[in-house]
Amino acid sequence: MTLGFVCGCAGLELTDDEKRFIADTQPWGLILFRRNVDTPEQVSRLTASFRSVVGRFEAPVLMDQEGGRVQRLRPPLWPDYPAASRYEGCGSESDAQAAKLGARLIAHELRNVGVTVDCAPVLDVPVPGSHNVIGDRAFAADPLTVARLGRAFAEGLLLGGVLPVMKHVPGHGRAGVDSHLSLPVVEADRDELDQHDFEPFRQLADLPIAMTAHVVYTALDPDRPATTSARVIDQIIRGVIGFDGLLLSDDLSMEALKGSLGERAEQARLAGCDILLHCNGKLDEARAVAAAARPIEGMVERRVAAAVARLRQPEPIDHPHEQVRLAAMVA
C-alpha cells in the first residue's frame with residue numbers, strides 16, 4: 001500500500017539500502033536535486049529505477065525546476081531558464097505568453113528524463129525588507145500580476161504533461177529569514193494577509209497540488225508554522241483560499257521546524273498535510289518520516305487521483321525553435 005510521503009535519495013543511482021527502503025515503505029513519490037543529476041541518460045535511469053522498485057509506472061517523480069537560481073537541470077546539458085521575475089519585464093502584451101512558453105519548455109525537458117511533477121510556480125508576493133530567499137523567484141511584487149503569470153506558468157507545465165505545485169501557501173513573501181535555516185515569523189494583520197499574500201493562491205486554487213510554508217503568521221496561529229498548524233490549513237488554506245487539492249508539506253528537514261523528523265512528520269500529517277516531503281536523502285531520517293506517514297486512502301486518495309488525472313500526453317514541440325523565441329522574448 002502506498003504511503004503518503006515523498007523521499008529523496010543520496011546520489012546518482014539508488015543504493016541497495018535505498019531500494020529496500022523504497023520497496024518496503026512504498027512512498028508516493030521521489031524528489032530529485034542537483035546531487036542526483038549528471039546526464040539525461042543517468043536521470044532517466046534513476047527515475048525508471050524508482051518506478052521499478054515501487055512497481056508503479058505512474059509513480060510521481062518531483063523536481064524544483066523554477067528557472068533562475070532554482071533549477072536542478074542546468075547547463076551545459078540543459079538550457080538555463082529565466083527567473084520568474086524576468087517575465088514581467090517582457091511587457092503586459094507578452095509576459096504571460098513568455099511565462100507559459102518557458103514552463104512548456106521546462107516541462108519538455110522534465111518529461112524527457114521521467115520527471116512528472118515540477119515544484120513551481122512560486123506564488124509568494126515579496127514585500128520590501130523581506131529576505132531574498134524568495135526574491136527573483138517571485139513573478140512580481142503585485143498579487144494580481146503574480147496570479148496572472150503564475151497561471152500562465154502552470155498552464156505551460158500542464159500542456160507539457162507535468163503537474164505544477166503552487167508554493168508556498170499561504171505565502172512566504174513576507175518572511176524575514178530563510179526557512180531553510182530558521183523559522184520566519186510574520187506579524188502582518190489578517191486583512192493585510194488576505195488582500196496581499198493569499199490572493200494569488202486564491203485565484204489559482206483550482207491547481208492540482210500546493211506546498212505549505214514553514215512560516216508562523218501571528219494573526220493566524222502564533223504558535224505553529226503553517227505546515228504544522230491545523231488552524232492555518234483548515235481555516236485558511238482549505239477555507240479562505242479554497243484549495244481542495246493535494247497538499248504537500250515543504251521539506252521536513254528544513255531548520256525552520258523543530259523536533260525529531262518523526263515528530264515533525266506526525267505534526268504535519270495531523271495538521272492536514274496530505275503528503276509529507278523529505279528531501280535530503282538521509283535514510284535514517286526518511287525512515288522516521290515513513291513511520292509517521294499513513295496509507296493513501298479516503299480523502300487523500302481522492303485528491304491524489306484528481307491531481308494525477310490532470311496529467312496529459314504533451315503535444316509535439318519544436319524545442320530548438322521555441323528556445324530561440326523565448327530568449328528573444330525575455331532579452
# chains A, B, ... in the order shown; residues from 1 in each chain; ligands from 1
>>> closest_atom_pairs(of="segment 222-255 of chain A", to="segment 158-177 of chain A", cutoff="9 Å", atoms="only C-alpha atoms", output="tab-separated table")
residue	atom	partner	partner_atom	distance
A:Ala226	CA	A:Pro170	CA	7.7
A:Val232	CA	A:Pro170	CA	8.3
A:Ile233	CA	A:Pro170	CA	8.8
A:Ile236	CA	A:Pro170	CA	7.5
A:Ile237	CA	A:Pro170	CA	6.4
A:Ile241	CA	A:Pro170	CA	8.0
A:Leu248	CA	A:Val165	CA	8.7
A:Asp250	CA	A:His168	CA	7.9
>>> residues_around(residues="segment 178-191 of chain A", least_positions_apart="5", cutoff="8 Å", atoms="only C-alpha atoms", output="ChimeraX atom specification")
/A:131-133,214-220,254-257
>>> write_last_selection(atoms="all heavy atoms", output="tab-separated table (two decimals), in the first residue's frame")
chain	number	residue	atom	x	y	z
A	131	HIS	N	13.35	38.74	3.26
A	131	HIS	CA	14.57	38.00	2.93
A	131	HIS	C	14.56	37.62	1.45
A	131	HIS	O	13.49	37.34	0.88
A	131	HIS	CB	14.66	36.75	3.80
A	131	HIS	CG	16.00	36.08	3.76
A	131	HIS	ND1	16.39	35.24	2.75
A	131	HIS	CD2	17.04	36.14	4.63
A	131	HIS	CE1	17.61	34.79	2.99
A	131	HIS	NE2	18.04	35.32	4.13
A	132	ASN	N	15.73	37.57	0.85
A	132	ASN	CA	15.80	37.27	-0.59
A	132	ASN	C	15.70	35.79	-0.92
A	132	ASN	O	15.97	35.39	-2.06
A	132	ASN	CB	17.06	37.89	-1.21
A	132	ASN	CG	18.35	37.21	-0.75
A	132	ASN	OD1	18.32	36.30	0.08
A	132	ASN	ND2	19.47	37.67	-1.27
A	133	VAL	N	15.32	34.95	0.06
A	133	VAL	CA	15.12	33.54	-0.23
A	133	VAL	C	14.04	33.38	-1.31
A	133	VAL	O	14.08	32.45	-2.12
A	133	VAL	CB	14.74	32.74	1.03
A	133	VAL	CG1	13.40	33.20	1.61
A	133	VAL	CG2	14.73	31.25	0.74
A	214	HIS	N	6.76	26.98	5.70
A	214	HIS	CA	7.24	26.86	7.09
A	214	HIS	C	7.35	28.27	7.66
A	214	HIS	O	8.44	28.80	7.90
A	214	HIS	CB	8.63	26.22	7.12
A	214	HIS	CG	8.67	24.79	6.69
A	214	HIS	ND1	7.59	23.94	6.70
A	214	HIS	CD2	9.72	24.03	6.23
A	214	HIS	CE1	7.95	22.74	6.28
A	214	HIS	NE2	9.23	22.77	5.99
A	215	VAL	N	6.22	28.91	7.87
A	215	VAL	CA	6.17	30.30	8.34
A	215	VAL	C	5.09	30.41	9.40
A	215	VAL	O	3.98	29.89	9.23
A	215	VAL	CB	5.85	31.28	7.18
A	215	VAL	CG1	5.69	32.71	7.69
A	215	VAL	CG2	6.93	31.21	6.10
A	216	VAL	N	5.42	31.10	10.50
A	216	VAL	CA	4.42	31.43	11.53
A	216	VAL	C	3.77	32.76	11.15
A	216	VAL	O	4.46	33.74	10.86
A	216	VAL	CB	5.06	31.54	12.92
A	216	VAL	CG1	4.10	32.20	13.91
A	216	VAL	CG2	5.47	30.17	13.44
A	217	TYR	N	2.45	32.79	11.16
A	217	TYR	CA	1.68	34.02	10.95
A	217	TYR	C	0.98	34.30	12.28
A	217	TYR	O	0.03	33.60	12.65
A	217	TYR	CB	0.66	33.85	9.83
A	217	TYR	CG	1.25	33.27	8.57
A	217	TYR	CD1	1.32	31.89	8.40
A	217	TYR	CD2	1.76	34.09	7.57
A	217	TYR	CE1	1.88	31.35	7.25
A	217	TYR	CE2	2.33	33.56	6.43
A	217	TYR	CZ	2.39	32.18	6.28
A	217	TYR	OH	2.95	31.64	5.15
A	218	THR	N	1.44	35.32	13.00
A	218	THR	CA	0.93	35.56	14.35
A	218	THR	C	-0.57	35.87	14.36
A	218	THR	O	-1.26	35.59	15.34
A	218	THR	CB	1.70	36.69	15.04
A	218	THR	OG1	1.59	37.89	14.24
A	218	THR	CG2	3.17	36.33	15.20
A	219	ALA	N	-1.09	36.42	13.26
A	219	ALA	CA	-2.51	36.74	13.20
A	219	ALA	C	-3.37	35.49	12.97
A	219	ALA	O	-4.59	35.54	13.15
A	219	ALA	CB	-2.77	37.76	12.08
A	220	LEU	N	-2.72	34.39	12.55
A	220	LEU	CA	-3.47	33.17	12.23
A	220	LEU	C	-3.25	32.09	13.28
A	220	LEU	O	-4.20	31.46	13.74
A	220	LEU	CB	-3.04	32.65	10.86
A	220	LEU	CG	-3.08	33.63	9.69
A	220	LEU	CD1	-2.59	32.96	8.41
A	220	LEU	CD2	-4.49	34.18	9.50
A	254	MET	N	14.03	20.93	6.82
A	254	MET	CA	14.47	22.32	6.92
A	254	MET	C	14.52	22.77	8.38
A	254	MET	O	13.75	22.30	9.22
A	254	MET	CB	13.53	23.21	6.09
A	254	MET	CG	13.70	23.02	4.59
A	254	MET	SD	12.36	23.68	3.58
A	254	MET	CE	12.40	25.42	4.01
A	255	GLU	N	15.43	23.72	8.65
A	255	GLU	CA	15.70	24.10	10.04
A	255	GLU	C	14.60	24.96	10.66
A	255	GLU	O	14.63	25.23	11.87
A	255	GLU	CB	17.03	24.84	10.12
A	255	GLU	CG	18.24	23.99	9.75
A	255	GLU	CD	18.36	22.76	10.64
A	255	GLU	OE1	18.14	22.88	11.85
A	255	GLU	OE2	18.65	21.67	10.10
A	256	ALA	N	13.63	25.41	9.86
A	256	ALA	CA	12.50	26.17	10.43
A	256	ALA	C	11.70	25.33	11.40
A	256	ALA	O	11.07	25.86	12.33
A	256	ALA	CB	11.60	26.68	9.31
A	257	LEU	N	11.69	24.02	11.20
A	257	LEU	CA	10.91	23.13	12.05
A	257	LEU	C	11.79	22.57	13.17
A	257	LEU	O	12.97	22.34	12.99
A	257	LEU	CB	10.33	21.98	11.22
A	257	LEU	CG	9.43	22.40	10.04
A	257	LEU	CD1	8.90	21.17	9.33
A	257	LEU	CD2	8.29	23.30	10.51
>>> atom_distance(atom1="atom CA of Leu46 of chain A", atom2="atom CA of Val113 of chain A")
8.8 Å
>>> closest_residue(among="A:Phe5, A:Phe21, A:Phe243, A:Tyr87", to="Ala328 of chain A", atoms="only C-alpha atoms")
A:Tyr87
>>> select_by_dssp(residues="segment 100-263 of chain A", states="alpha helix (DSSP H)", output="ChimeraX atom specification")
/A:100-112,143-159,190-192,199-203,230-231,261-263
>>> residues_around(residues="segment 83-85 of chain A", least_positions_apart="6", cutoff="9 Å", atoms="only C-alpha atoms", output="PyMOL selection string")
chain A and resi 66-70+99+121-122+135-140+149-150
>>> write_last_selection(atoms="N, CA and C atoms", output="PDB file, in the first residue's frame")
ATOM      1  N   GLU A  66      12.326  25.800 -11.363  1.00  0.00           N
ATOM      2  CA  GLU A  66      11.634  27.077 -11.500  1.00  0.00           C
ATOM      3  C   GLU A  66      12.232  27.939 -12.609  1.00  0.00           C
ATOM      4  N   GLY A  67      13.548  27.820 -12.805  1.00  0.00           N
ATOM      5  CA  GLY A  67      14.306  28.792 -13.581  1.00  0.00           C
ATOM      6  C   GLY A  67      15.075  29.694 -12.635  1.00  0.00           C
ATOM      7  N   GLY A  68      16.063  30.416 -13.157  1.00  0.00           N
ATOM      8  CA  GLY A  68      16.861  31.282 -12.297  1.00  0.00           C
ATOM      9  C   GLY A  68      17.705  30.498 -11.321  1.00  0.00           C
ATOM     10  N   ARG A  69      17.690  30.916 -10.054  1.00  0.00           N
ATOM     11  CA  ARG A  69      18.516  30.263  -9.029  1.00  0.00           C
ATOM     12  C   ARG A  69      18.104  28.828  -8.747  1.00  0.00           C
ATOM     13  N   VAL A  70      16.829  28.535  -8.947  1.00  0.00           N
ATOM     14  CA  VAL A  70      16.305  27.230  -8.538  1.00  0.00           C
ATOM     15  C   VAL A  70      15.986  26.396  -9.773  1.00  0.00           C
ATOM     16  N   ALA A  99       5.923  33.436 -19.981  1.00  0.00           N
ATOM     17  CA  ALA A  99       5.905  32.540 -18.822  1.00  0.00           C
ATOM     18  C   ALA A  99       5.353  31.170 -19.201  1.00  0.00           C
ATOM     19  N   PRO A 121       4.555  26.805  -9.904  1.00  0.00           N
ATOM     20  CA  PRO A 121       5.132  28.138  -9.739  1.00  0.00           C
ATOM     21  C   PRO A 121       5.169  28.619  -8.283  1.00  0.00           C
ATOM     22  N   VAL A 122       6.106  29.525  -8.016  1.00  0.00           N
ATOM     23  CA  VAL A 122       6.151  30.249  -6.751  1.00  0.00           C
ATOM     24  C   VAL A 122       5.123  31.375  -6.824  1.00  0.00           C
ATOM     25  N   GLY A 135      12.807  36.539  -3.312  1.00  0.00           N
ATOM     26  CA  GLY A 135      13.457  37.460  -4.247  1.00  0.00           C
ATOM     27  C   GLY A 135      12.974  37.302  -5.676  1.00  0.00           C
ATOM     28  N   ASP A 136      13.928  37.050  -6.599  1.00  0.00           N
ATOM     29  CA  ASP A 136      13.572  36.972  -8.013  1.00  0.00           C
ATOM     30  C   ASP A 136      12.877  35.673  -8.390  1.00  0.00           C
ATOM     31  N   ARG A 137      12.643  34.807  -7.425  1.00  0.00           N
ATOM     32  CA  ARG A 137      11.813  33.625  -7.683  1.00  0.00           C
ATOM     33  C   ARG A 137      10.343  34.018  -7.796  1.00  0.00           C
ATOM     34  N   ALA A 138       9.984  35.199  -7.295  1.00  0.00           N
ATOM     35  CA  ALA A 138       8.617  35.703  -7.399  1.00  0.00           C
ATOM     36  C   ALA A 138       8.408  36.352  -8.767  1.00  0.00           C
ATOM     37  N   PHE A 139       7.208  36.210  -9.306  1.00  0.00           N
ATOM     38  CA  PHE A 139       6.901  36.796 -10.606  1.00  0.00           C
ATOM     39  C   PHE A 139       6.821  38.314 -10.538  1.00  0.00           C
ATOM     40  N   ALA A 140       6.418  38.851  -9.398  1.00  0.00           N
ATOM     41  CA  ALA A 140       6.231  40.302  -9.276  1.00  0.00           C
ATOM     42  C   ALA A 140       6.004  40.630  -7.807  1.00  0.00           C
ATOM     43  N   LEU A 149       0.715  35.658 -13.998  1.00  0.00           N
ATOM     44  CA  LEU A 149       1.890  34.979 -14.560  1.00  0.00           C
ATOM     45  C   LEU A 149       2.036  33.565 -13.981  1.00  0.00           C
ATOM     46  N   GLY A 150       1.656  33.395 -12.722  1.00  0.00           N
ATOM     47  CA  GLY A 150       1.675  32.058 -12.149  1.00  0.00           C
ATOM     48  C   GLY A 150       0.714  31.133 -12.865  1.00  0.00           C
TER      49      GLY A 150
END
>>> closest_residue(among="A:Gly114, A:Gly102, A:Gly281, A:Gly239", to="Arg34 of chain A", atoms="only C-alpha atoms")
A:Gly281
>>> select_by_dssp(residues="segment 143-311 of chain A", states="strand (DSSP E or B)", output="ChimeraX atom specification")
/A:163-169,185-186,209-212,216-217,221,246-248,275-277,295
>>> write_last_selection(atoms="C-alpha atoms", output="PDB file, in the first residue's frame")
ATOM      1  CA  LEU A 163       1.908  18.690 -12.803  1.00  0.00           C
ATOM      2  CA  PRO A 164       2.543  22.115 -11.214  1.00  0.00           C
ATOM      3  CA  VAL A 165       2.875  22.644  -7.464  1.00  0.00           C
ATOM      4  CA  MET A 166       1.987  26.142  -6.272  1.00  0.00           C
ATOM      5  CA  LYS A 167       4.096  27.279  -3.348  1.00  0.00           C
ATOM      6  CA  HIS A 168       4.388  28.301  -0.568  1.00  0.00           C
ATOM      7  CA  VAL A 169       0.793  28.508   0.644  1.00  0.00           C
ATOM      8  CA  VAL A 185       7.591  34.893  11.934  1.00  0.00           C
ATOM      9  CA  VAL A 186       5.227  37.203  10.046  1.00  0.00           C
ATOM     10  CA  ILE A 209      -1.110  20.437  -5.892  1.00  0.00           C
ATOM     11  CA  ALA A 210       0.144  23.004  -3.379  1.00  0.00           C
ATOM     12  CA  MET A 211       3.070  23.114  -0.933  1.00  0.00           C
ATOM     13  CA  THR A 212       2.916  24.651   2.534  1.00  0.00           C
ATOM     14  CA  VAL A 216       4.419  31.432  11.525  1.00  0.00           C
ATOM     15  CA  TYR A 217       1.682  34.024  10.954  1.00  0.00           C
ATOM     16  CA  ASP A 221      -1.641  30.874  14.659  1.00  0.00           C
ATOM     17  CA  LEU A 246      -3.346  17.664  -2.808  1.00  0.00           C
ATOM     18  CA  LEU A 247      -1.387  19.436  -0.064  1.00  0.00           C
ATOM     19  CA  LEU A 248       2.345  18.694   0.315  1.00  0.00           C
ATOM     20  CA  ILE A 275       1.813  14.177   1.598  1.00  0.00           C
ATOM     21  CA  LEU A 276       4.935  14.504   3.773  1.00  0.00           C
ATOM     22  CA  LEU A 277       8.021  15.725   1.920  1.00  0.00           C
ATOM     23  CA  PRO A 295      -1.603   4.863   3.679  1.00  0.00           C
TER      24      PRO A 295
END
>>> atom_distance(atom1="atom CA of Ser49 of chain A", atom2="atom CA of Cys9 of chain A")
11.8 Å
>>> atom_distance(atom1="atom CA of Asp223 of chain A", atom2="atom CA of Glu266 of chain A")
16.4 Å
>>> closest_residue(among="A:Ala23, A:Ala154, A:Leu12, A:Ala205", to="Glu41 of chain A", atoms="only C-alpha atoms")
A:Leu12
>>> closest_residue(among="A:Glu301, A:Cys279, A:His108, A:Pro126", to="Pro316 of chain A", atoms="only C-alpha atoms")
A:His108
>>> closest_residue(among="A:Ala265, A:Ala292, A:Leu101, A:Leu204", to="Gly242 of chain A", atoms="only C-alpha atoms")
A:Leu204
>>> residues_around(residues="His196 of chain A", least_positions_apart="6", cutoff="9 Å", atoms="only C-alpha atoms", output="list of chain:residue names")
A:Val125, A:Asp142, A:Pro143, A:Leu144
>>> residues_around(residues="Gly156 of chain A", least_positions_apart="4", cutoff="6 Å", atoms="only C-alpha atoms", output="number ranges by chain")
A: 100, 103-104
>>> residues_around(residues="Asp38 of chain A", least_positions_apart="3", cutoff="12 Å", atoms="only C-alpha atoms", output="PyMOL selection string")
chain A and resi 11-13+32-35+41-46+72-78+113
>>> write_last_selection(atoms="N, CA, C and O atoms", output="PDB file, in the first residue's frame")
ATOM      1  N   GLY A  11      22.336   9.918  -4.124  1.00  0.00           N
ATOM      2  CA  GLY A  11      23.266  10.125  -5.225  1.00  0.00           C
ATOM      3  C   GLY A  11      22.655   9.932  -6.596  1.00  0.00           C
ATOM      4  O   GLY A  11      21.460  10.149  -6.808  1.00  0.00           O
ATOM      5  N   LEU A  12      23.488   9.487  -7.534  1.00  0.00           N
ATOM      6  CA  LEU A  12      23.089   9.394  -8.939  1.00  0.00           C
ATOM      7  C   LEU A  12      22.322   8.119  -9.254  1.00  0.00           C
ATOM      8  O   LEU A  12      21.722   8.011 -10.326  1.00  0.00           O
ATOM      9  N   GLU A  13      22.345   7.175  -8.340  1.00  0.00           N
ATOM     10  CA  GLU A  13      21.550   5.960  -8.504  1.00  0.00           C
ATOM     11  C   GLU A  13      21.117   5.479  -7.129  1.00  0.00           C
ATOM     12  O   GLU A  13      21.706   5.856  -6.107  1.00  0.00           O
ATOM     13  N   LEU A  32      14.066  14.797  -6.701  1.00  0.00           N
ATOM     14  CA  LEU A  32      15.464  14.846  -7.127  1.00  0.00           C
ATOM     15  C   LEU A  32      16.039  16.243  -6.977  1.00  0.00           C
ATOM     16  O   LEU A  32      15.346  17.244  -7.170  1.00  0.00           O
ATOM     17  N   PHE A  33      17.353  16.286  -6.669  1.00  0.00           N
ATOM     18  CA  PHE A  33      18.085  17.542  -6.519  1.00  0.00           C
ATOM     19  C   PHE A  33      19.351  17.497  -7.372  1.00  0.00           C
ATOM     20  O   PHE A  33      19.601  16.529  -8.087  1.00  0.00           O
ATOM     21  N   ARG A  34      20.175  18.532  -7.268  1.00  0.00           N
ATOM     22  CA  ARG A  34      21.398  18.589  -8.073  1.00  0.00           C
ATOM     23  C   ARG A  34      22.309  17.395  -7.792  1.00  0.00           C
ATOM     24  O   ARG A  34      22.997  16.918  -8.698  1.00  0.00           O
ATOM     25  N   ARG A  35      22.310  16.920  -6.575  1.00  0.00           N
ATOM     26  CA  ARG A  35      23.178  15.786  -6.242  1.00  0.00           C
ATOM     27  C   ARG A  35      22.761  14.521  -6.987  1.00  0.00           C
ATOM     28  O   ARG A  35      23.530  13.563  -7.048  1.00  0.00           O
ATOM     29  N   GLU A  41      20.694  10.732 -19.629  1.00  0.00           N
ATOM     30  CA  GLU A  41      20.577   9.276 -19.589  1.00  0.00           C
ATOM     31  C   GLU A  41      20.586   8.773 -18.143  1.00  0.00           C
ATOM     32  O   GLU A  41      19.825   7.869 -17.776  1.00  0.00           O
ATOM     33  N   GLN A  42      21.450   9.354 -17.319  1.00  0.00           N
ATOM     34  CA  GLN A  42      21.533   8.938 -15.918  1.00  0.00           C
ATOM     35  C   GLN A  42      20.248   9.272 -15.166  1.00  0.00           C
ATOM     36  O   GLN A  42      19.729   8.447 -14.391  1.00  0.00           O
ATOM     37  N   VAL A  43      19.698  10.484 -15.364  1.00  0.00           N
ATOM     38  CA  VAL A  43      18.457  10.852 -14.676  1.00  0.00           C
ATOM     39  C   VAL A  43      17.315   9.939 -15.118  1.00  0.00           C
ATOM     40  O   VAL A  43      16.502   9.496 -14.302  1.00  0.00           O
ATOM     41  N   SER A  44      17.270   9.635 -16.397  1.00  0.00           N
ATOM     42  CA  SER A  44      16.231   8.723 -16.899  1.00  0.00           C
ATOM     43  C   SER A  44      16.339   7.351 -16.253  1.00  0.00           C
ATOM     44  O   SER A  44      15.324   6.731 -15.891  1.00  0.00           O
ATOM     45  N   ARG A  45      17.578   6.852 -16.081  1.00  0.00           N
ATOM     46  CA  ARG A  45      17.758   5.556 -15.421  1.00  0.00           C
ATOM     47  C   ARG A  45      17.303   5.618 -13.969  1.00  0.00           C
ATOM     48  O   ARG A  45      16.688   4.677 -13.444  1.00  0.00           O
ATOM     49  N   LEU A  46      17.595   6.729 -13.301  1.00  0.00           N
ATOM     50  CA  LEU A  46      17.234   6.874 -11.899  1.00  0.00           C
ATOM     51  C   LEU A  46      15.712   6.914 -11.728  1.00  0.00           C
ATOM     52  O   LEU A  46      15.160   6.234 -10.846  1.00  0.00           O
ATOM     53  N   ARG A  72      17.351  22.360 -11.174  1.00  0.00           N
ATOM     54  CA  ARG A  72      18.235  21.216 -10.937  1.00  0.00           C
ATOM     55  C   ARG A  72      18.880  20.729 -12.228  1.00  0.00           C
ATOM     56  O   ARG A  72      19.971  20.178 -12.195  1.00  0.00           O
ATOM     57  N   LEU A  73      18.188  20.903 -13.340  1.00  0.00           N
ATOM     58  CA  LEU A  73      18.761  20.586 -14.653  1.00  0.00           C
ATOM     59  C   LEU A  73      19.394  21.864 -15.183  1.00  0.00           C
ATOM     60  O   LEU A  73      18.702  22.842 -15.433  1.00  0.00           O
ATOM     61  N   ARG A  74      20.710  21.847 -15.355  1.00  0.00           N
ATOM     62  CA  ARG A  74      21.433  23.083 -15.674  1.00  0.00           C
ATOM     63  C   ARG A  74      22.372  22.885 -16.852  1.00  0.00           C
ATOM     64  O   ARG A  74      22.677  21.756 -17.252  1.00  0.00           O
ATOM     65  N   PRO A  75      22.859  24.024 -17.421  1.00  0.00           N
ATOM     66  CA  PRO A  75      23.882  23.932 -18.465  1.00  0.00           C
ATOM     67  C   PRO A  75      25.111  23.176 -17.933  1.00  0.00           C
ATOM     68  O   PRO A  75      25.345  23.148 -16.718  1.00  0.00           O
ATOM     69  N   PRO A  76      25.873  22.533 -18.816  1.00  0.00           N
ATOM     70  CA  PRO A  76      25.782  22.639 -20.284  1.00  0.00           C
ATOM     71  C   PRO A  76      24.838  21.644 -20.944  1.00  0.00           C
ATOM     72  O   PRO A  76      24.596  21.741 -22.134  1.00  0.00           O
ATOM     73  N   LEU A  77      24.288  20.694 -20.194  1.00  0.00           N
ATOM     74  CA  LEU A  77      23.467  19.662 -20.824  1.00  0.00           C
ATOM     75  C   LEU A  77      21.998  20.059 -20.925  1.00  0.00           C
ATOM     76  O   LEU A  77      21.231  19.430 -21.644  1.00  0.00           O
ATOM     77  N   TRP A  78      21.593  21.087 -20.168  1.00  0.00           N
ATOM     78  CA  TRP A  78      20.242  21.623 -20.266  1.00  0.00           C
ATOM     79  C   TRP A  78      20.319  23.145 -20.360  1.00  0.00           C
ATOM     80  O   TRP A  78      21.267  23.749 -19.866  1.00  0.00           O
ATOM     81  N   VAL A 113      13.221  13.084 -19.023  1.00  0.00           N
ATOM     82  CA  VAL A 113      14.020  12.305 -18.076  1.00  0.00           C
ATOM     83  C   VAL A 113      13.145  11.626 -17.021  1.00  0.00           C
ATOM     84  O   VAL A 113      13.645  11.131 -16.013  1.00  0.00           O
TER      85      VAL A 113
END
>>> residues_around(residues="Thr47 of chain A", least_positions_apart="3", cutoff="12 Å", atoms="only C-alpha atoms", output="PyMOL selection string")
chain A and resi 8-9+12-14+29-32+36-37+40-44+50-54+56-63+110-116
>>> write_last_selection(atoms="C-alpha atoms", output="CSV table (one decimal), in the first residue's frame")
chain,number,residue,atom,x,y,z
A,8,GLY,CA,14.9,11.8,-1.7
A,9,CYS,CA,17.9,9.8,-2.5
A,12,LEU,CA,23.1,9.4,-8.9
A,13,GLU,CA,21.5,6.0,-8.5
A,14,LEU,CA,19.6,4.2,-5.8
A,29,GLY,CA,7.0,9.7,-5.0
A,30,LEU,CA,10.6,10.6,-5.2
A,31,ILE,CA,12.2,14.1,-5.4
A,32,LEU,CA,15.5,14.8,-7.1
A,36,ASN,CA,21.0,13.4,-8.2
A,37,VAL,CA,21.7,14.9,-11.7
A,40,PRO,CA,19.9,13.0,-19.2
A,41,GLU,CA,20.6,9.3,-19.6
A,42,GLN,CA,21.5,8.9,-15.9
A,43,VAL,CA,18.5,10.9,-14.7
A,44,SER,CA,16.2,8.7,-16.9
A,50,PHE,CA,12.5,4.2,-8.7
A,51,ARG,CA,9.3,3.3,-10.6
A,52,SER,CA,10.6,-0.3,-11.0
A,53,VAL,CA,11.3,-0.6,-7.3
A,54,VAL,CA,7.8,0.7,-6.2
A,56,ARG,CA,4.1,1.7,-10.2
A,57,PHE,CA,4.9,3.0,-13.7
A,58,GLU,CA,3.0,6.2,-12.9
A,59,ALA,CA,4.7,6.9,-9.6
A,60,PRO,CA,5.4,10.7,-9.4
A,61,VAL,CA,9.0,12.0,-9.6
A,62,LEU,CA,9.3,15.6,-8.4
A,63,MET,CA,11.9,18.3,-9.1
A,110,LEU,CA,11.5,17.2,-17.3
A,111,ARG,CA,9.3,14.6,-19.2
A,112,ASN,CA,12.3,13.5,-21.2
A,113,VAL,CA,14.0,12.3,-18.1
A,114,GLY,CA,10.9,10.9,-16.3
A,115,VAL,CA,10.0,13.8,-14.1
A,116,THR,CA,6.3,14.4,-13.9
>>> closest_residue(among="A:Leu157, A:Leu3, A:Leu326, A:Ile22", to="Ala291 of chain A", atoms="only C-alpha atoms")
A:Leu3
>>> decode(residues="segment 148-182 of chain A", atoms="C-alpha atoms", output="mmCIF file, in the first residue's frame")
data_model
loop_
_atom_site.group_PDB
_atom_site.id
_atom_site.type_symbol
_atom_site.label_atom_id
_atom_site.label_comp_id
_atom_site.auth_asym_id
_atom_site.auth_seq_id
_atom_site.Cartn_x
_atom_site.Cartn_y
_atom_site.Cartn_z
ATOM 1 C CA ARG A 148 -1.678 36.071 -13.800
ATOM 2 C CA LEU A 149 1.890 34.979 -14.560
ATOM 3 C CA GLY A 150 1.675 32.058 -12.149
ATOM 4 C CA ARG A 151 -1.416 30.868 -14.002
ATOM 5 C CA ALA A 152 0.410 31.088 -17.334
ATOM 6 C CA PHE A 153 3.398 29.160 -15.962
ATOM 7 C CA ALA A 154 1.161 26.433 -14.520
ATOM 8 C CA GLU A 155 -0.691 26.126 -17.834
ATOM 9 C CA GLY A 156 2.619 25.709 -19.667
ATOM 10 C CA LEU A 157 3.625 22.854 -17.370
ATOM 11 C CA LEU A 158 0.261 21.132 -17.782
ATOM 12 C CA LEU A 159 0.462 21.439 -21.573
ATOM 13 C CA GLY A 160 3.816 19.689 -21.375
ATOM 14 C CA GLY A 161 2.469 16.796 -19.324
ATOM 15 C CA VAL A 162 3.883 17.909 -15.958
ATOM 16 C CA LEU A 163 1.908 18.690 -12.803
ATOM 17 C CA PRO A 164 2.543 22.115 -11.214
ATOM 18 C CA VAL A 165 2.875 22.644 -7.464
ATOM 19 C CA MET A 166 1.987 26.142 -6.272
ATOM 20 C CA LYS A 167 4.096 27.279 -3.348
ATOM 21 C CA HIS A 168 4.388 28.301 -0.568
ATOM 22 C CA VAL A 169 0.793 28.508 0.644
ATOM 23 C CA PRO A 170 -0.487 30.701 2.274
ATOM 24 C CA GLY A 171 2.509 32.926 1.402
ATOM 25 C CA HIS A 172 6.251 33.137 2.058
ATOM 26 C CA GLY A 173 6.834 36.604 0.600
ATOM 27 C CA ARG A 174 6.957 38.470 3.928
ATOM 28 C CA ALA A 175 9.464 36.130 5.573
ATOM 29 C CA GLY A 176 12.370 37.993 7.128
ATOM 30 C CA VAL A 177 14.620 34.925 7.329
ATOM 31 C CA ASP A 178 15.329 31.880 5.172
ATOM 32 C CA SER A 179 13.132 28.989 6.356
ATOM 33 C CA HIS A 180 15.842 26.555 5.258
ATOM 34 C CA LEU A 181 17.868 27.915 8.179
ATOM 35 C CA SER A 182 15.424 29.326 10.766
#
